[in-house]
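Peer 1: Next comes the structure file work-v4.csv, holding CSV, C-alpha atoms.
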chain,number,residue,atom,x,y,z
S,27,MET,CA,-21.7,186.3,-148.6
S,28,THR,CA,-18.3,184.8,-149.5
S,29,VAL,CA,-16.5,185.0,-152.9
S,30,ILE,CA,-14.4,181.9,-153.8
S,31,CYS,CA,-13.2,181.8,-157.4
S,32,LEU,CA,-10.5,179.8,-159.2
S,33,PRO,CA,-11.1,180.8,-162.8
S,34,PHE,CA,-9.4,180.0,-166.0
S,35,VAL,CA,-9.8,181.7,-169.4
S,36,HIS,CA,-12.7,180.3,-171.4
S,37,VAL,CA,-13.9,178.0,-168.6
S,38,PRO,CA,-17.3,178.8,-167.1
S,39,VAL,CA,-17.3,180.2,-163.6
S,40,TRP,CA,-20.4,179.4,-161.5
S,41,TRP,CA,-21.5,182.1,-159.0
S,42,TRP,CA,-23.7,181.4,-156.0
S,43,VAL,CA,-24.2,182.3,-152.4
S,44,GLN,CA,-24.1,179.9,-149.5
S,45,PRO,CA,-27.2,177.8,-148.8
S,46,GLY,CA,-29.5,179.7,-146.5
S,47,TRP,CA,-28.1,183.1,-147.3
S,48,TRP,CA,-30.7,183.9,-150.0
S,49,GLN,CA,-33.7,184.3,-147.6
S,50,THR,CA,-35.8,187.0,-146.1
S,51,GLN,CA,-34.2,188.6,-143.0
S,52,THR,CA,-36.5,189.9,-140.3
S,53,ALA,CA,-35.8,192.0,-137.2
S,54,ASN,CA,-38.1,193.4,-134.5
S,55,ALA,CA,-37.6,196.5,-132.3
S,56,SER,CA,-39.8,197.5,-129.4
S,57,ALA,CA,-40.1,200.6,-127.3
S,58,GLY,CA,-42.9,202.0,-125.2
S,59,GLY,CA,-45.3,199.2,-126.0
S,60,LEU,CA,-44.8,199.6,-129.8
S,61,THR,CA,-43.1,196.9,-131.9
S,62,ILE,CA,-41.9,197.5,-135.4
S,63,THR,CA,-40.9,194.6,-137.7
S,64,ALA,CA,-38.5,195.3,-140.5
S,65,LYS,CA,-38.1,192.8,-143.3
S,66,ALA,CA,-35.4,192.6,-146.0
S,67,VAL,CA,-36.0,190.4,-149.0
S,68,PRO,CA,-33.1,189.6,-151.4
S,69,ARG,CA,-33.9,190.9,-154.9
S,70,LYS,CA,-30.8,190.4,-157.0
S,71,ILE,CA,-27.0,190.1,-156.9
S,72,THR,CA,-24.8,191.9,-159.3
S,73,TRP,CA,-21.5,190.2,-159.8
S,74,TYR,CA,-18.7,192.5,-161.1
S,75,ALA,CA,-16.1,190.1,-162.6
S,76,GLY,CA,-13.2,192.6,-162.4
S,77,ASP,CA,-12.7,192.4,-166.1
S,78,GLY,CA,-15.1,195.3,-166.9
S,79,THR,CA,-18.2,193.1,-167.1
S,80,SER,CA,-21.1,192.4,-164.7
S,81,THR,CA,-23.8,189.9,-164.4
S,82,VAL,CA,-27.2,190.4,-162.7
S,83,CYS,CA,-28.7,187.3,-161.1
S,84,THR,CA,-32.2,187.3,-159.6
S,85,GLY,CA,-31.6,184.2,-157.4
S,86,PRO,CA,-28.9,182.6,-155.2
S,87,GLY,CA,-27.2,180.8,-158.2
S,88,THR,CA,-26.6,177.1,-158.5
S,89,PRO,CA,-23.8,175.5,-156.5
S,90,TRP,CA,-21.2,173.7,-158.7
S,91,SER,CA,-20.4,170.1,-157.6
S,92,ALA,CA,-17.5,167.8,-158.5
S,93,SER,CA,-19.9,165.6,-160.5
S,94,THR,CA,-20.6,168.5,-162.9
S,95,ASN,CA,-18.7,168.7,-166.2
S,96,PRO,CA,-16.2,171.5,-165.6
S,97,THR,CA,-16.9,173.0,-169.0
S,98,SER,CA,-20.6,173.4,-168.4
S,99,PRO,CA,-21.9,176.9,-167.8
S,100,SER,CA,-24.0,177.6,-164.7
S,101,PRO,CA,-27.7,177.1,-165.4
S,102,THR,CA,-28.6,180.2,-163.3
S,103,CYS,CA,-25.6,182.6,-162.7
S,104,GLY,CA,-22.1,182.6,-164.1
S,105,HIS,CA,-19.4,184.2,-166.2
S,106,ILE,CA,-16.7,183.3,-168.7
S,107,TYR,CA,-13.4,185.2,-168.6
S,108,ASN,CA,-12.0,185.9,-172.0
S,109,THR,CA,-8.7,187.3,-170.7
S,110,THR,CA,-6.2,186.6,-167.9
S,111,SER,CA,-5.7,189.0,-165.0
S,112,ALA,CA,-2.0,189.2,-165.7
S,113,ASP,CA,-2.1,192.8,-166.8
S,114,SER,CA,-4.3,194.0,-163.9
S,115,PRO,CA,-2.9,195.5,-160.7
S,116,GLY,CA,-1.2,192.7,-158.7
S,117,GLY,CA,-2.0,190.3,-161.5
S,118,MET,CA,-5.6,189.9,-160.1
S,119,PHE,CA,-9.1,190.9,-160.8
S,120,THR,CA,-11.3,192.2,-157.9
S,121,VAL,CA,-14.6,190.3,-158.0
S,122,ARG,CA,-17.5,192.1,-156.2
S,123,ALA,CA,-20.8,190.7,-155.3
S,124,VAL,CA,-23.4,193.4,-154.6
S,125,ALA,CA,-26.7,192.1,-153.1
S,126,THR,CA,-29.8,194.4,-153.4
S,127,TRP,CA,-32.5,194.0,-150.7
S,128,ASP,CA,-36.1,195.2,-150.8
S,129,VAL,CA,-36.9,196.7,-147.3
S,130,SER,CA,-40.3,197.0,-145.7
S,131,TRP,CA,-41.6,197.6,-142.2
S,132,SER,CA,-44.8,197.3,-140.2
S,133,GLY,CA,-46.0,198.1,-136.7
S,134,GLY,CA,-48.5,200.2,-134.7
S,135,GLY,CA,-51.1,199.8,-137.5
S,136,LEU,CA,-48.8,201.3,-140.1
S,137,SER,CA,-46.5,199.9,-142.8
S,138,GLY,CA,-44.2,201.1,-145.5
S,139,THR,CA,-41.2,200.6,-147.6
S,140,GLU,CA,-37.7,202.0,-147.5
S,141,PRO,CA,-35.2,202.6,-150.3
S,142,ASN,CA,-33.3,199.4,-151.3
S,143,ILE,CA,-30.2,198.6,-149.4
S,144,THR,CA,-27.1,196.8,-150.7
S,145,THR,CA,-24.5,194.6,-149.1
S,146,THR,CA,-21.2,194.0,-150.8
S,147,THR,CA,-18.3,191.5,-150.6
S,148,SER,CA,-15.2,191.2,-152.7
S,149,ALA,CA,-12.2,189.1,-153.4
S,150,ASN,CA,-9.1,189.3,-155.5
S,151,VAL,CA,-8.8,186.4,-158.0
S,152,THR,CA,-6.1,185.4,-160.4
S,153,VAL,CA,-7.5,184.3,-163.8
S,154,THR,CA,-5.0,182.1,-165.6
S,155,GLU,CA,-4.8,180.4,-168.9
S,156,LEU,CA,-4.2,176.7,-169.5
S,157,ARG,CA,-2.1,175.7,-172.4
S,158,ALA,CA,-1.4,172.4,-173.9
S,159,VAL,CA,1.9,171.4,-175.5
S,160,ILE,CA,1.9,168.7,-178.1
S,161,THR,CA,5.2,166.8,-178.0
S,162,SER,CA,4.7,164.2,-180.8
The structure in this file should be written as structure tokens.

Peer 2:
Amino acid sequence: MTVICLPFVHVPVWWWVQPGWWQTQTANASAGGLTITAKAVPRKITWYAGDGTSTVCTGPGTPWSASTNPTSPSPTCGHIYNTTSADSPGGMFTVRAVATWDVSWSGGGLSGTEPNITTTTSANVTVTELRAVITS
């Protein structure tokens, strides 16, 4: 999971994960003739914007493309900053993406579930403000 963000105040930010990241992960382990299969299924991503807000998304998000109107909000997962990061430490917000995974296993005629696991990534972003100046 990578966080890339170039936000401006009052301009929608689209959050998504790389194609192929939002998929079931499977691993096998064998010993003494017994094979156990573990499966992790992505359930949600909680995006912490760094401005005190968070957004929970239950899918991978929709990638933004250059042909999209830059003032259009994401149809699936996004945020709008209402303030700059100027007063934050270093002049930046720390954006964190926390993915929650449902974990199950099977093998040797048995199966079960485990407590959810999370994976986290973060990035520091500068949120700026665009201002227009009318000269005539």

Peer 1: As an exercise, work out the distance from atom CA of S:Ala53 to atom CA of S:Gly85 in Å and give it to one decimal place.

Peer 2: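 Between atom CA of S:Ala53 and atom CA of S:Gly85 the gap is 22.1 Å.
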
Peer 1: Hey, which of S:Trp131, S:Trp90, S:Phe34, S:Phe119 ends up closest to S:Gln51? Count all atoms listed in the file.

Peer 2: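 Closest to S:Gln51, using all atoms listed in the file: S:Trp131.
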
Peer 1: Within 12 Å of S:Val43, counting only C-alpha atoms, which residues qualify if same-chain residues fewer than 6 places away don't, as an mmCIF file with C-alpha atoms, in the frame of the given file?

Peer 2:
data_model
loop_
_atom_site.group_PDB
_atom_site.id
_atom_site.type_symbol
_atom_site.label_atom_id
_atom_site.label_comp_id
_atom_site.auth_asym_id
_atom_site.auth_seq_id
_atom_site.Cartn_x
_atom_site.Cartn_y
_atom_site.Cartn_z
ATOM 1 C CA MET S 27 -21.700 186.300 -148.600
ATOM 2 C CA THR S 28 -18.300 184.800 -149.500
ATOM 3 C CA VAL S 29 -16.500 185.000 -152.900
ATOM 4 C CA ILE S 30 -14.400 181.900 -153.800
ATOM 5 C CA GLN S 49 -33.700 184.300 -147.600
ATOM 6 C CA PRO S 68 -33.100 189.600 -151.400
ATOM 7 C CA LYS S 70 -30.800 190.400 -157.000
ATOM 8 C CA ILE S 71 -27.000 190.100 -156.900
ATOM 9 C CA THR S 72 -24.800 191.900 -159.300
ATOM 10 C CA TRP S 73 -21.500 190.200 -159.800
ATOM 11 C CA CYS S 83 -28.700 187.300 -161.100
ATOM 12 C CA THR S 84 -32.200 187.300 -159.600
ATOM 13 C CA GLY S 85 -31.600 184.200 -157.400
ATOM 14 C CA PRO S 86 -28.900 182.600 -155.200
ATOM 15 C CA GLY S 87 -27.200 180.800 -158.200
ATOM 16 C CA THR S 88 -26.600 177.100 -158.500
ATOM 17 C CA PRO S 89 -23.800 175.500 -156.500
ATOM 18 C CA TRP S 90 -21.200 173.700 -158.700
ATOM 19 C CA THR S 102 -28.600 180.200 -163.300
ATOM 20 C CA CYS S 103 -25.600 182.600 -162.700
ATOM 21 C CA GLY S 104 -22.100 182.600 -164.100
ATOM 22 C CA ALA S 123 -20.800 190.700 -155.300
ATOM 23 C CA VAL S 124 -23.400 193.400 -154.600
ATOM 24 C CA ALA S 125 -26.700 192.100 -153.100
ATOM 25 C CA THR S 147 -18.300 191.500 -150.600
#

Peer 1: Let me make sure I understand: among S:Thr79, S:Asn54, S:Thr97, S:Tyr74, which one has the smallest atom-to-atom distance to S:Val39 if we use all atoms listed in the file?

Peer 2: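 Comparing S:Thr79, S:Asn54, S:Thr97, S:Tyr74 against S:Val39, the winner is S:Thr97.
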
Peer 1: Between S:Pro45, S:Ala64, S:Pro38, S:Gly58, single out the one closest to S:Ser132, counting all atoms listed in the file.

Peer 2: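 Looking at the shortest contact to S:Ser132, the residue is S:Ala64.
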
Peer 1: For S:Asp113, which of S:Gly76, S:Gly46, S:Gly138, S:Gly59 is the closest residue, counting only C-alpha atoms?

Peer 2: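 For S:Asp113, the nearest of the candidates is S:Gly76.
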
Peer 1: Show which residues sit within 8 Å of S:Val35, as a list in words. Count all atoms listed in the file, and ignore same-chain residues fewer than 3 positions away.

Peer 2: Ile106, Tyr107, Asn108, Thr109, Thr110, Val153, Thr154, Glu155 and Leu156 of chain S

Peer 1: For the atom pair atom CA of S:His105 and atom CA of S:Thr50, what is the interatomic distance in Å to one decimal place?

Peer 2: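 So the answer is 26.1 Å.
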
Peer 1: Measuring atom to atom with only C-alpha atoms, identify which of S:Ser93, S:Ser98, S:Thr146, S:Thr61 is nearest to S:Trp127.

Peer 2: S:Thr146

Peer 1: So how many Å separate atom CA of S:Trp41 and atom CA of S:Val129, to one decimal?

Peer 2: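 Between atom CA of S:Trp41 and atom CA of S:Val129 the gap works out to 24.2 Å.
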
Peer 1: Could you tell me which of S:Ala92, S:Gly116, S:Ser148, S:Ile62 comes closest to S:Leu136 if we count only C-alpha atoms?

Peer 2: S:Ile62
